[in-house]
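See below for query_10.csv, which holds CSV, C-alpha atoms.
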```
chain,number,residue,atom,x,y,z
A,1,MET,CA,0.0,0.0,0.0
A,2,SER,CA,1.5,3.3,-1.1
A,3,THR,CA,1.7,6.3,1.2
A,4,ILE,CA,-1.2,8.0,-0.6
A,5,SER,CA,-3.5,5.0,-0.4
A,6,ARG,CA,-2.6,4.5,3.3
A,7,HIS,CA,-3.5,8.1,3.9
A,8,GLN,CA,-6.8,7.7,2.0
A,9,ALA,CA,-7.6,4.6,4.0
A,10,TRP,CA,-7.0,6.4,7.3
A,11,ARG,CA,-9.2,9.3,6.2
A,12,ALA,CA,-11.9,6.9,5.2
A,13,SER,CA,-11.9,5.1,8.5
A,14,ASP,CA,-11.7,8.4,10.4
A,15,LEU,CA,-14.7,9.6,8.4
A,16,ALA,CA,-16.6,6.4,9.1
A,17,ARG,CA,-16.0,6.8,12.8
A,18,ALA,CA,-17.2,10.4,12.7
A,19,VAL,CA,-20.3,9.5,10.8
A,20,LEU,CA,-21.0,6.6,13.2
A,21,ALA,CA,-20.6,8.9,16.2
A,22,LEU,CA,-23.0,11.5,14.7
A,23,THR,CA,-25.5,8.9,13.7
A,24,SER,CA,-25.4,7.4,17.2
A,25,ALA,CA,-25.9,10.8,18.8
A,26,SER,CA,-28.9,11.5,16.6
A,27,LEU,CA,-30.4,8.1,17.4
A,28,VAL,CA,-30.0,8.6,21.2
A,29,CYS,CA,-32.4,11.6,21.0
A,30,ASN,CA,-36.1,11.0,21.5
A,31,PRO,CA,-37.7,12.1,18.2
A,32,VAL,CA,-40.8,13.2,19.9
A,33,ALA,CA,-40.0,14.7,23.3
A,34,ALA,CA,-38.2,17.9,22.3
A,35,HIS,CA,-41.0,18.8,19.9
A,36,SER,CA,-43.9,18.0,22.2
A,37,GLY,CA,-44.2,21.3,23.9
A,38,THR,CA,-44.8,24.9,22.9
A,39,GLY,CA,-42.4,27.4,24.3
A,40,LEU,CA,-38.7,26.7,24.8
A,41,PRO,CA,-37.3,27.1,28.3
A,42,GLY,CA,-33.6,26.6,27.3
A,43,GLY,CA,-30.6,28.2,25.9
A,44,TRP,CA,-27.7,26.7,24.0
A,45,ALA,CA,-28.3,23.0,24.9
A,46,ALA,CA,-31.9,23.2,24.0
A,47,GLY,CA,-31.0,24.9,20.7
A,48,PHE,CA,-28.4,22.4,19.9
A,49,MET,CA,-30.7,19.4,20.5
A,50,HIS,CA,-33.6,20.9,18.6
A,51,PRO,CA,-32.5,20.1,15.0
A,52,LEU,CA,-31.5,16.6,16.2
A,53,SER,CA,-34.9,15.9,17.6
A,54,GLY,CA,-37.1,16.3,14.6
A,55,ILE,CA,-36.4,13.5,12.1
A,56,ASP,CA,-37.8,15.5,9.1
A,57,HIS,CA,-35.4,18.4,9.8
A,58,LEU,CA,-32.6,16.1,10.5
A,59,LEU,CA,-33.0,14.2,7.2
A,60,ALA,CA,-33.2,17.4,5.2
A,61,MET,CA,-30.0,18.7,6.8
A,62,ILE,CA,-28.1,15.5,6.1
A,63,ALA,CA,-29.5,15.5,2.6
A,64,VAL,CA,-28.2,19.0,1.9
A,65,GLY,CA,-24.7,18.0,2.8
A,66,LEU,CA,-25.0,14.7,1.0
A,67,TRP,CA,-26.2,16.3,-2.2
A,68,GLY,CA,-23.5,18.9,-2.0
A,69,ALA,CA,-20.8,16.3,-1.6
A,70,PHE,CA,-22.4,14.2,-4.4
A,71,LEU,CA,-22.3,17.2,-6.7
A,72,GLY,CA,-18.8,18.2,-5.8
A,73,ARG,CA,-17.1,21.6,-5.8
A,74,PRO,CA,-18.2,24.3,-5.4
A,75,LEU,CA,-21.6,23.0,-4.2
A,76,ILE,CA,-20.0,20.9,-1.5
A,77,TYR,CA,-19.5,24.1,0.5
A,78,VAL,CA,-22.0,26.5,-1.3
A,79,LEU,CA,-25.1,24.5,-0.3
A,80,PRO,CA,-24.2,24.4,3.5
A,81,VAL,CA,-23.7,28.2,3.3
A,82,VAL,CA,-26.9,28.9,1.3
A,83,PHE,CA,-29.0,26.8,3.6
A,84,PRO,CA,-28.4,28.5,7.0
A,85,THR,CA,-28.4,31.9,5.3
A,86,MET,CA,-31.9,31.3,3.8
A,87,MET,CA,-33.0,29.6,6.9
A,88,VAL,CA,-32.4,32.9,8.7
A,89,VAL,CA,-34.7,34.6,6.1
A,90,GLY,CA,-37.3,31.9,6.8
A,91,ALA,CA,-36.9,32.4,10.5
A,92,VAL,CA,-37.4,36.1,10.3
A,93,LEU,CA,-40.5,35.6,8.2
A,94,GLY,CA,-41.7,33.2,10.9
A,95,MET,CA,-40.9,35.6,13.7
A,96,PHE,CA,-42.9,38.3,12.0
A,97,ALA,CA,-45.7,35.8,11.3
A,98,VAL,CA,-45.5,36.4,7.5
A,99,PRO,CA,-47.9,33.8,6.0
A,100,LEU,CA,-46.3,31.1,3.9
A,101,PRO,CA,-47.7,28.0,2.1
A,102,PRO,CA,-48.2,25.1,4.5
A,103,VAL,CA,-44.9,24.7,6.2
A,104,GLN,CA,-45.2,21.0,7.1
A,105,ILE,CA,-45.8,20.2,3.4
A,106,GLY,CA,-42.8,22.3,2.4
A,107,ILE,CA,-40.6,20.5,4.9
A,108,ALA,CA,-41.8,17.1,3.8
A,109,LEU,CA,-41.3,18.0,0.2
A,110,SER,CA,-37.8,19.2,1.0
A,111,VAL,CA,-36.9,15.7,2.4
A,112,LEU,CA,-38.6,14.0,-0.6
A,113,MET,CA,-37.0,16.2,-3.3
A,114,LEU,CA,-33.5,16.3,-1.8
A,115,GLY,CA,-33.5,12.5,-1.3
A,116,SER,CA,-34.8,12.0,-4.8
A,117,CYS,CA,-32.1,14.2,-6.3
A,118,ILE,CA,-29.5,12.1,-4.6
A,119,ALA,CA,-31.1,8.8,-5.4
A,120,LEU,CA,-31.5,9.7,-9.1
A,121,ALA,CA,-28.1,11.4,-9.2
A,122,ILE,CA,-29.6,14.6,-10.6
A,123,SER,CA,-26.8,17.2,-11.3
A,124,PRO,CA,-28.5,20.5,-11.9
A,125,PRO,CA,-26.7,23.8,-12.7
A,126,ILE,CA,-25.2,25.5,-9.7
A,127,TRP,CA,-27.8,28.2,-9.6
A,128,ALA,CA,-30.7,25.7,-9.8
A,129,ALA,CA,-29.2,23.6,-6.9
A,130,CYS,CA,-28.8,26.7,-4.8
A,131,LEU,CA,-32.4,27.8,-5.6
A,132,VAL,CA,-33.9,24.4,-4.6
A,133,VAL,CA,-32.0,24.4,-1.3
A,134,ALA,CA,-32.7,28.1,-0.6
A,135,LEU,CA,-36.4,27.6,-1.2
A,136,PHE,CA,-36.7,24.7,1.2
A,137,ALA,CA,-34.5,26.4,3.8
A,138,ILE,CA,-37.1,29.1,4.0
A,139,PHE,CA,-39.7,26.5,5.2
A,140,HIS,CA,-37.3,25.0,7.7
A,141,GLY,CA,-36.4,28.4,9.0
A,142,ASP,CA,-40.0,29.5,9.2
A,143,ALA,CA,-40.9,26.5,11.3
A,144,HIS,CA,-38.2,27.1,13.8
A,145,GLY,CA,-38.3,30.9,13.7
A,146,LYS,CA,-41.8,30.9,15.2
A,147,GLU,CA,-40.4,29.0,18.2
A,148,LEU,CA,-37.2,31.0,18.7
A,149,PRO,CA,-38.4,34.1,20.5
A,150,SER,CA,-39.9,32.1,23.3
A,151,ALA,CA,-36.5,30.6,24.3
A,152,ALA,CA,-35.2,31.8,27.6
A,153,ASP,CA,-31.9,32.8,26.0
A,154,PRO,CA,-32.7,33.2,22.2
A,155,VAL,CA,-29.1,34.1,21.3
A,156,SER,CA,-27.6,31.0,22.8
A,157,TYR,CA,-30.5,29.0,21.6
A,158,SER,CA,-30.0,30.2,18.0
A,159,ALA,CA,-26.2,29.6,18.3
A,160,GLY,CA,-26.8,26.0,19.4
A,161,PHE,CA,-29.4,25.6,16.7
A,162,VAL,CA,-27.2,26.9,13.9
A,163,LEU,CA,-24.2,24.8,15.1
A,164,ALA,CA,-26.2,21.6,15.2
A,165,THR,CA,-27.7,22.3,11.7
A,166,GLY,CA,-24.2,22.9,10.4
A,167,LEU,CA,-22.9,19.7,11.9
A,168,LEU,CA,-25.7,17.8,10.3
A,169,HIS,CA,-24.6,19.2,7.0
A,170,VAL,CA,-21.0,18.1,7.8
A,171,SER,CA,-22.2,14.6,8.6
A,172,GLY,CA,-24.1,14.6,5.2
A,173,ILE,CA,-20.8,15.7,3.5
A,174,ALA,CA,-19.0,12.9,5.3
A,175,LEU,CA,-21.5,10.4,4.0
A,176,GLY,CA,-21.3,11.9,0.6
A,177,SER,CA,-17.6,11.7,0.5
A,178,LEU,CA,-18.0,7.9,0.3
A,179,THR,CA,-18.9,8.6,-3.4
A,180,ALA,CA,-15.3,8.5,-4.3
A,181,ARG,CA,-14.9,4.9,-3.1
A,182,PRO,CA,-15.6,1.9,-5.4
A,183,ILE,CA,-19.2,1.2,-4.4
A,184,GLY,CA,-19.6,4.6,-2.8
A,185,ALA,CA,-21.9,6.1,-5.5
A,186,ILE,CA,-24.4,3.3,-5.0
A,187,THR,CA,-24.2,3.6,-1.2
A,188,THR,CA,-24.8,7.4,-1.4
A,189,ARG,CA,-27.7,7.0,-3.8
A,190,SER,CA,-29.2,4.3,-1.6
A,191,PHE,CA,-29.0,6.8,1.4
A,192,GLY,CA,-30.7,9.3,-0.9
A,193,GLY,CA,-33.4,6.7,-1.7
A,194,LEU,CA,-34.0,6.1,2.0
A,195,ILE,CA,-34.3,9.8,2.7
A,196,ALA,CA,-36.8,10.1,-0.2
A,197,ILE,CA,-38.9,7.3,1.2
A,198,GLY,CA,-38.9,9.1,4.6
A,199,GLY,CA,-39.9,12.3,2.8
A,200,ALA,CA,-42.8,10.5,1.0
A,201,TRP,CA,-44.0,9.3,4.4
A,202,PHE,CA,-43.8,12.8,5.9
A,203,LEU,CA,-45.6,14.2,2.9
A,204,PHE,CA,-48.4,11.6,3.2
A,205,ARG,CA,-48.7,12.5,6.9
A,206,ALA,CA,-48.7,16.2,6.3
A,207,ILE,CA,-51.4,16.0,3.6
A,208,ARG,CA,-53.5,13.7,5.7
A,209,THR,CA,-53.6,16.0,8.8
B,1,MET,CA,-32.7,36.8,29.3
B,2,ARG,CA,-30.1,38.7,27.3
B,3,GLY,CA,-26.5,38.4,28.5
B,4,ALA,CA,-23.5,40.2,27.0
B,5,ILE,CA,-21.3,37.1,27.0
B,6,ALA,CA,-22.8,35.4,23.9
B,7,PRO,CA,-22.7,38.5,21.5
B,8,SER,CA,-19.2,39.5,22.6
B,9,ALA,CA,-17.9,35.9,22.5
B,10,LEU,CA,-19.3,35.5,19.0
B,11,LEU,CA,-17.7,38.7,17.9
B,12,CYS,CA,-14.4,37.7,19.3
B,13,ALA,CA,-14.8,34.3,17.6
B,14,ALA,CA,-15.5,36.0,14.3
B,15,LEU,CA,-12.4,38.2,14.8
B,16,GLY,CA,-10.4,35.0,15.4
B,17,LEU,CA,-11.6,33.5,12.1
B,18,ALA,CA,-10.8,36.8,10.3
B,19,LEU,CA,-7.3,36.9,11.8
B,20,ALA,CA,-6.7,33.3,10.6
B,21,PHE,CA,-6.9,34.8,7.1
B,22,ALA,CA,-4.6,37.6,8.0
B,23,PRO,CA,-0.8,37.5,7.8
B,24,ARG,CA,0.8,35.9,10.9
B,25,ASN,CA,2.7,39.1,11.7
B,26,ALA,CA,-0.7,40.9,12.1
B,27,TRP,CA,-1.9,38.5,14.8
B,28,ALA,CA,-0.1,40.0,17.8
B,29,PRO,CA,-0.8,43.7,17.0
B,30,SER,CA,-4.4,42.9,16.3
B,31,VAL,CA,-4.9,41.0,19.6
B,32,LEU,CA,-3.1,43.8,21.4
B,33,ALA,CA,-5.4,46.4,19.7
B,34,LEU,CA,-8.4,44.4,20.8
B,35,LEU,CA,-7.2,44.2,24.4
B,36,SER,CA,-6.1,47.9,24.5
B,37,THR,CA,-9.5,49.0,23.1
B,38,VAL,CA,-11.3,46.9,25.7
B,39,ALA,CA,-9.1,48.2,28.5
B,40,ALA,CA,-9.6,51.8,27.4
B,41,LEU,CA,-13.4,51.7,27.0
B,42,THR,CA,-14.0,49.7,30.2
B,43,PHE,CA,-13.6,52.8,32.2
B,44,VAL,CA,-15.7,55.0,29.9
B,45,ALA,CA,-19.2,55.5,31.3
B,46,MET,CA,-21.9,55.3,28.6
B,47,PRO,CA,-25.5,56.3,28.8
B,48,ARG,CA,-27.8,53.4,29.6
B,49,ALA,CA,-30.1,54.5,26.7
B,50,TRP,CA,-27.4,53.2,24.3
B,51,LEU,CA,-27.9,49.6,25.3
B,52,GLU,CA,-30.1,48.6,22.4
B,53,GLY,CA,-27.9,50.4,19.9
B,54,ALA,CA,-24.8,48.8,21.3
B,55,PHE,CA,-26.3,45.3,21.0
B,56,LEU,CA,-27.3,46.1,17.4
B,57,GLY,CA,-23.8,47.4,16.6
B,58,CYS,CA,-22.3,44.3,18.1
B,59,TRP,CA,-24.4,42.0,15.9
B,60,ILE,CA,-23.7,44.1,12.8
B,61,SER,CA,-20.0,43.9,13.7
B,62,VAL,CA,-20.3,40.1,13.9
B,63,ILE,CA,-21.8,40.0,10.4
B,64,THR,CA,-19.2,42.4,9.0
B,65,THR,CA,-16.3,40.5,10.6
B,66,ALA,CA,-17.6,37.1,9.6
B,67,GLY,CA,-18.4,38.5,6.2
B,68,SER,CA,-14.8,39.5,5.6
B,69,VAL,CA,-13.9,35.9,5.9
B,70,GLN,CA,-16.6,34.8,3.5
B,71,LEU,CA,-16.0,37.4,0.9
B,72,PHE,CA,-12.3,37.7,0.7
B,73,ALA,CA,-9.5,35.2,0.3
B,74,LYS,CA,-7.2,37.3,2.5
B,75,VAL,CA,-7.6,39.8,5.3
B,76,THR,CA,-4.9,42.5,5.1
B,77,SER,CA,-2.9,43.6,8.2
B,78,ARG,CA,-4.7,47.0,8.3
B,79,ALA,CA,-8.1,45.4,7.9
B,80,ALA,CA,-7.3,43.0,10.8
B,81,LEU,CA,-6.3,45.9,13.0
B,82,ILE,CA,-9.5,47.8,12.2
B,83,LEU,CA,-11.6,44.7,12.8
B,84,ALA,CA,-9.9,44.1,16.2
B,85,ILE,CA,-10.4,47.7,17.4
B,86,ASN,CA,-14.0,47.5,16.2
B,87,ALA,CA,-14.5,44.2,18.1
B,88,GLY,CA,-12.9,45.6,21.2
B,89,ALA,CA,-15.2,48.7,21.1
B,90,TRP,CA,-18.5,46.8,20.8
B,91,SER,CA,-17.6,44.1,23.2
B,92,SER,CA,-16.6,46.6,25.8
B,93,ALA,CA,-19.7,48.7,25.1
B,94,ILE,CA,-22.3,45.9,25.6
B,95,THR,CA,-20.6,44.4,28.6
B,96,GLY,CA,-20.2,47.9,30.2
B,97,LEU,CA,-23.8,48.9,29.5
B,98,SER,CA,-25.3,45.6,30.7
B,99,GLY,CA,-23.3,46.1,33.9
B,100,SER,CA,-21.2,43.0,33.6
B,101,SER,CA,-17.6,44.0,32.5
B,102,LEU,CA,-16.3,40.7,34.0
B,103,ASP,CA,-18.2,38.9,31.1
B,104,LEU,CA,-15.3,40.0,28.9
B,105,LEU,CA,-13.1,37.5,30.7
B,106,GLU,CA,-15.3,34.8,29.2
B,107,ALA,CA,-15.7,36.4,25.8
B,108,LEU,CA,-12.2,37.6,24.9
B,109,PRO,CA,-10.6,34.1,24.9
B,110,TRP,CA,-12.7,33.2,22.0
B,111,VAL,CA,-10.4,35.2,19.8
B,112,LEU,CA,-7.9,32.3,20.3
B,113,ILE,CA,-9.9,30.3,17.8
B,114,LEU,CA,-7.6,31.9,15.3
B,115,TRP,CA,-5.0,29.1,16.0
B,116,PRO,CA,-7.2,26.1,15.3
B,117,ALA,CA,-8.8,28.1,12.4
B,118,SER,CA,-5.4,28.9,10.9
B,119,TRP,CA,-4.4,25.2,11.3
B,120,VAL,CA,-7.6,24.0,9.6
B,121,SER,CA,-7.2,26.7,6.9
B,122,ARG,CA,-3.6,25.5,6.1
B,123,ARG,CA,-4.4,21.8,6.2
B,124,HIS,CA,-7.9,21.6,4.7
B,125,GLY,CA,-8.2,24.9,2.8
B,126,GLN,CA,-10.4,27.9,3.6
B,127,VAL,CA,-13.8,26.2,3.0
B,128,PRO,CA,-14.4,25.0,6.6
B,129,ILE,CA,-13.6,28.4,8.0
B,130,LYS,CA,-15.9,30.1,5.5
B,131,VAL,CA,-18.7,27.7,6.3
B,132,GLY,CA,-18.1,28.3,10.1
B,133,SER,CA,-18.2,32.0,9.6
B,134,SER,CA,-21.5,31.7,7.7
B,135,TRP,CA,-22.9,30.1,10.9
B,136,LEU,CA,-21.8,33.1,12.9
B,137,THR,CA,-23.5,35.4,10.3
B,138,ALA,CA,-26.7,33.4,10.6
B,139,VAL,CA,-26.8,33.7,14.4
B,140,ALA,CA,-26.1,37.4,14.3
B,141,ALA,CA,-28.8,38.0,11.7
B,142,LEU,CA,-31.3,36.0,13.8
B,143,SER,CA,-30.4,38.0,16.9
B,144,ILE,CA,-30.9,41.3,15.0
B,145,ALA,CA,-34.3,40.0,13.9
B,146,LEU,CA,-35.1,39.1,17.5
B,147,GLN,CA,-34.1,42.6,18.6
B,148,LEU,CA,-36.5,44.2,16.1
B,149,LEU,CA,-39.3,41.7,16.8
B,150,PRO,CA,-42.5,43.5,17.8
B,151,VAL,CA,-44.3,40.3,19.0
B,152,THR,CA,-43.5,37.0,20.5
B,153,PRO,CA,-45.2,34.3,18.5
B,154,GLY,CA,-43.5,31.4,20.4
B,155,TYR,CA,-46.8,30.2,21.8
B,156,LEU,CA,-47.8,29.0,18.3
B,157,PRO,CA,-47.7,25.2,17.8
B,158,ASP,CA,-44.5,23.5,16.7
B,159,HIS,CA,-44.3,22.2,13.1
B,160,MET,CA,-44.2,18.6,14.5
B,161,GLU,CA,-47.4,19.0,16.4
```
The structure in this file should be written as structure tokens.
Amino acid sequence: MSTISRHQAWRASDLARAVLALTSASLVCNPVAAHSGTGLPGGWAAGFMHPLSGIDHLLAMIAVGLWGAFLGRPLIYVLPVVFPTMMVVGAVLGMFAVPLPPVQIGIALSVLMLGSCIALAISPPIWAACLVVALFAIFHGDAHGKELPSAADPVSYSAGFVLATGLLHVSGIALGSLTARPIGAITTRSFGGLIAIGGAWFLFRAIRT
Amino acid sequence: MRGAIAPSALLCAALGLALAFAPRNAWAPSVLALLSTVAALTFVAMPRAWLEGAFLGCWISVITTAGSVQLFAKVTSRAALILAINAGAWSSAITGLSGSSLDLLEALPWVLILWPASWVSRRHGQVPIKVGSSWLTAVAALSIALQLLPVTPGYLPDHME
């Protein structure tokens, strides 16, 4: 094994460990508890846990990173920058109670669309990928922006929230970096397919209620 | 609850990220400028009515400082010095006005993020730092919105309910 391939192997195992740790951390959280109440008593910790506790939001964040990694540069870092930026726009709309189309359907569609894009290996132009992600980020931001002002310490809450969202993107990028490996593309697309199935379920649930 | 630690810590962190993009010989003068500005302004009494404006200025400074990381490939020595003085002024203002100057002891060390940021930048490129700075921008923009918010719609049901 050459030096380069040994280095690549180390990076792959390191990446796998990081993904495993992040996945375990997300599974430990109760997917219902943190979303069951209105009003948020907490600060940084509550904000950090919030994105990890809603499976729809969590899958969308991972999908953004995964799709970005799948599409390669520059979208690997542009999409994780576009998403939080536009999520802030959505959050501000939510805080000021600006009416939007049904947010639950928008969030479910985001999971379905992003998962499908990965599963079907869709490679749109840069502007189109940014537009898709920006549009869906508004729905995610709106949903959480409505809750933000009631936090005991909104600044720390938002810092925790943004950090967790960013880390979910990073975990998606880590998963997406498997694409470079021999069966990586199939694995990544399979992840996308699973995310799309989850999105279809969320959409079904959102339309039914 | 609105403490002065988080805004000033985030401003110092943004400065640290900006300094990671500046020449190494600009680090020490910039950190010194930050500390000198803080030390000088700690003893200046400001009218309590300036509190809201000071918080707003601090958040705008976070956006400006983090934005310098996102928009430019390099931060010049002069720009680093200006950003450091600016960070020192706003950090000192909000901690002084909120009556908790000791909060600076918790906030200022965040500028030391420049070392890991510089290491990451050298080893993995500028992308992780640019992404991290976009998170700071997002938090600052949310905080400005919160400051301008006329109502509290937090009682509305969650999207999962």
Pick out the closest residue to chain A from this set: B:Arg122, B:Leu83, B:Phe55, B:Ala39. Count only C-alpha atoms. B:Phe55
Could you work out how far CA of Val82 in chain A lies from CA of Gly199 in chain A, giving the answer in Å with one decimal?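 Pair CA of Gly199 in chain A / CA of Val82 in chain A returns 21.1 Å.
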Can you tell me which residues surround Thr165 in chain A at a distance of at most 12 Å, considering all atoms listed in the file, apart from same-chain residues fewer than 3 positions away, and format the answer as JSON, numbers by chain? {"A": [26, 47, 48, 49, 50, 51, 52, 53, 54, 57, 58, 59, 60, 61, 62, 63, 64, 65, 80, 81, 83, 84, 85, 87, 88, 137, 140, 141, 144, 158, 159, 160, 161, 162, 168, 169, 170, 171, 172], "B": [131, 132, 134, 135, 138, 139]}
Can you write just those residues out, C-alpha atoms, as a short mmCIF file (atom, residue, chain, number, x, y, z; two decimals), in the frame of the given file?
```
data_model
loop_
_atom_site.label_atom_id
_atom_site.label_comp_id
_atom_site.auth_asym_id
_atom_site.auth_seq_id
_atom_site.Cartn_x
_atom_site.Cartn_y
_atom_site.Cartn_z
CA SER A 26 -28.90 11.50 16.60
CA GLY A 47 -31.00 24.90 20.70
CA PHE A 48 -28.40 22.40 19.90
CA MET A 49 -30.70 19.40 20.50
CA HIS A 50 -33.60 20.90 18.60
CA PRO A 51 -32.50 20.10 15.00
CA LEU A 52 -31.50 16.60 16.20
CA SER A 53 -34.90 15.90 17.60
CA GLY A 54 -37.10 16.30 14.60
CA HIS A 57 -35.40 18.40 9.80
CA LEU A 58 -32.60 16.10 10.50
CA LEU A 59 -33.00 14.20 7.20
CA ALA A 60 -33.20 17.40 5.20
CA MET A 61 -30.00 18.70 6.80
CA ILE A 62 -28.10 15.50 6.10
CA ALA A 63 -29.50 15.50 2.60
CA VAL A 64 -28.20 19.00 1.90
CA GLY A 65 -24.70 18.00 2.80
CA PRO A 80 -24.20 24.40 3.50
CA VAL A 81 -23.70 28.20 3.30
CA PHE A 83 -29.00 26.80 3.60
CA PRO A 84 -28.40 28.50 7.00
CA THR A 85 -28.40 31.90 5.30
CA MET A 87 -33.00 29.60 6.90
CA VAL A 88 -32.40 32.90 8.70
CA ALA A 137 -34.50 26.40 3.80
CA HIS A 140 -37.30 25.00 7.70
CA GLY A 141 -36.40 28.40 9.00
CA HIS A 144 -38.20 27.10 13.80
CA SER A 158 -30.00 30.20 18.00
CA ALA A 159 -26.20 29.60 18.30
CA GLY A 160 -26.80 26.00 19.40
CA PHE A 161 -29.40 25.60 16.70
CA VAL A 162 -27.20 26.90 13.90
CA LEU A 168 -25.70 17.80 10.30
CA HIS A 169 -24.60 19.20 7.00
CA VAL A 170 -21.00 18.10 7.80
CA SER A 171 -22.20 14.60 8.60
CA GLY A 172 -24.10 14.60 5.20
CA VAL B 131 -18.70 27.70 6.30
CA GLY B 132 -18.10 28.30 10.10
CA SER B 134 -21.50 31.70 7.70
CA TRP B 135 -22.90 30.10 10.90
CA ALA B 138 -26.70 33.40 10.60
CA VAL B 139 -26.80 33.70 14.40
#
```
Can you tell me how far CA of Gly106 in chain A sits from CA of Trp201 in chain A, in Å to one decimal? 13.2 Å
Would you mind telling me which residue in B:Thr37, B:Ala28, B:Leu17, B:Thr42 lies nearest to Asp103 in chain B when using all atoms listed in the file?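 Looking only at the distances to Asp103 in chain B, the closest residue turns out to be B:Thr42.
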Which residue, B:Trp90, B:Trp115, B:Val62, B:Val44, has the smallest gap to Ala22 in chain B when you use all atoms listed in the file? B:Trp115
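In this comparison, which uses all atoms listed in the file, the residue of B:Pro23, B:Gly53, B:Pro128, B:Leu148 approaching Ile76 in chain A most closely is B:Pro128.
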Can you pull out the residues contacting range 185-198 of chain A? Cut-off 12 Å, using only C-alpha atoms, and skip same-chain residues under 5 positions away; I want them as a VMD selection string. chain A and resid 55 to 71 107 to 122 172 to 180 203 to 205
With distances taken over only C-alpha atoms, which residue among B:Trp110, B:Ala33, B:Ala13, B:Gly96 lies nearest Leu81 in chain B?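 Nearest to Leu81 in chain B: B:Ala33.
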Give me, please, the distance in Å between CA of Ala200 in chain A and CA of Phe96 in chain A, quoted to one decimal.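 It comes out at 29.9 Å.
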Under the rule that only C-alpha atoms are counted, which of A:Ala143, A:Trp44, A:Ile105, A:Gly184 is the nearest residue to Ser156 in chain A?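 Of the candidates, the smallest distance to Ser156 in chain A is held by A:Trp44.
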Would you mind completing range 131-135 of chain A to all heavy atoms and writing the output as an mmCIF file, in the frame of the given file?
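The resulting file, rebuild_38.cif, is reproduced below:
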```cif
data_model
loop_
_atom_site.group_PDB
_atom_site.id
_atom_site.type_symbol
_atom_site.label_atom_id
_atom_site.label_comp_id
_atom_site.auth_asym_id
_atom_site.auth_seq_id
_atom_site.Cartn_x
_atom_site.Cartn_y
_atom_site.Cartn_z
ATOM 1 N N LEU A 131 -31.010 27.346 -5.715
ATOM 2 C CA LEU A 131 -32.400 27.800 -5.600
ATOM 3 C C LEU A 131 -33.276 26.781 -4.905
ATOM 4 O O LEU A 131 -34.086 27.143 -4.043
ATOM 5 C CB LEU A 131 -32.927 28.039 -7.065
ATOM 6 C CG LEU A 131 -34.277 28.751 -7.172
ATOM 7 C CD1 LEU A 131 -34.151 30.195 -6.713
ATOM 8 C CD2 LEU A 131 -34.791 28.700 -8.612
ATOM 9 N N VAL A 132 -33.089 25.507 -5.245
ATOM 10 C CA VAL A 132 -33.900 24.400 -4.600
ATOM 11 C C VAL A 132 -33.617 24.442 -3.092
ATOM 12 O O VAL A 132 -34.551 24.437 -2.283
ATOM 13 C CB VAL A 132 -33.500 23.059 -5.211
ATOM 14 C CG1 VAL A 132 -34.057 21.917 -4.378
ATOM 15 C CG2 VAL A 132 -34.005 22.963 -6.636
ATOM 16 N N VAL A 133 -32.325 24.457 -2.736
ATOM 17 C CA VAL A 133 -32.000 24.400 -1.300
ATOM 18 C C VAL A 133 -32.448 25.679 -0.592
ATOM 19 O O VAL A 133 -32.974 25.607 0.518
ATOM 20 C CB VAL A 133 -30.425 24.226 -1.174
ATOM 21 C CG1 VAL A 133 -29.962 24.499 0.238
ATOM 22 C CG2 VAL A 133 -30.043 22.809 -1.565
ATOM 23 N N ALA A 134 -32.304 26.831 -1.241
ATOM 24 C CA ALA A 134 -32.700 28.100 -0.600
ATOM 25 C C ALA A 134 -34.221 28.108 -0.366
ATOM 26 O O ALA A 134 -34.684 28.534 0.696
ATOM 27 C CB ALA A 134 -32.340 29.259 -1.537
ATOM 28 N N LEU A 135 -34.966 27.610 -1.337
ATOM 29 C CA LEU A 135 -36.400 27.600 -1.200
ATOM 30 C C LEU A 135 -36.864 26.738 -0.020
ATOM 31 O O LEU A 135 -37.672 27.156 0.815
ATOM 32 C CB LEU A 135 -37.037 27.054 -2.518
ATOM 33 C CG LEU A 135 -38.553 27.039 -2.579
ATOM 34 C CD1 LEU A 135 -39.088 28.461 -2.724
ATOM 35 C CD2 LEU A 135 -39.042 26.184 -3.746
#
```
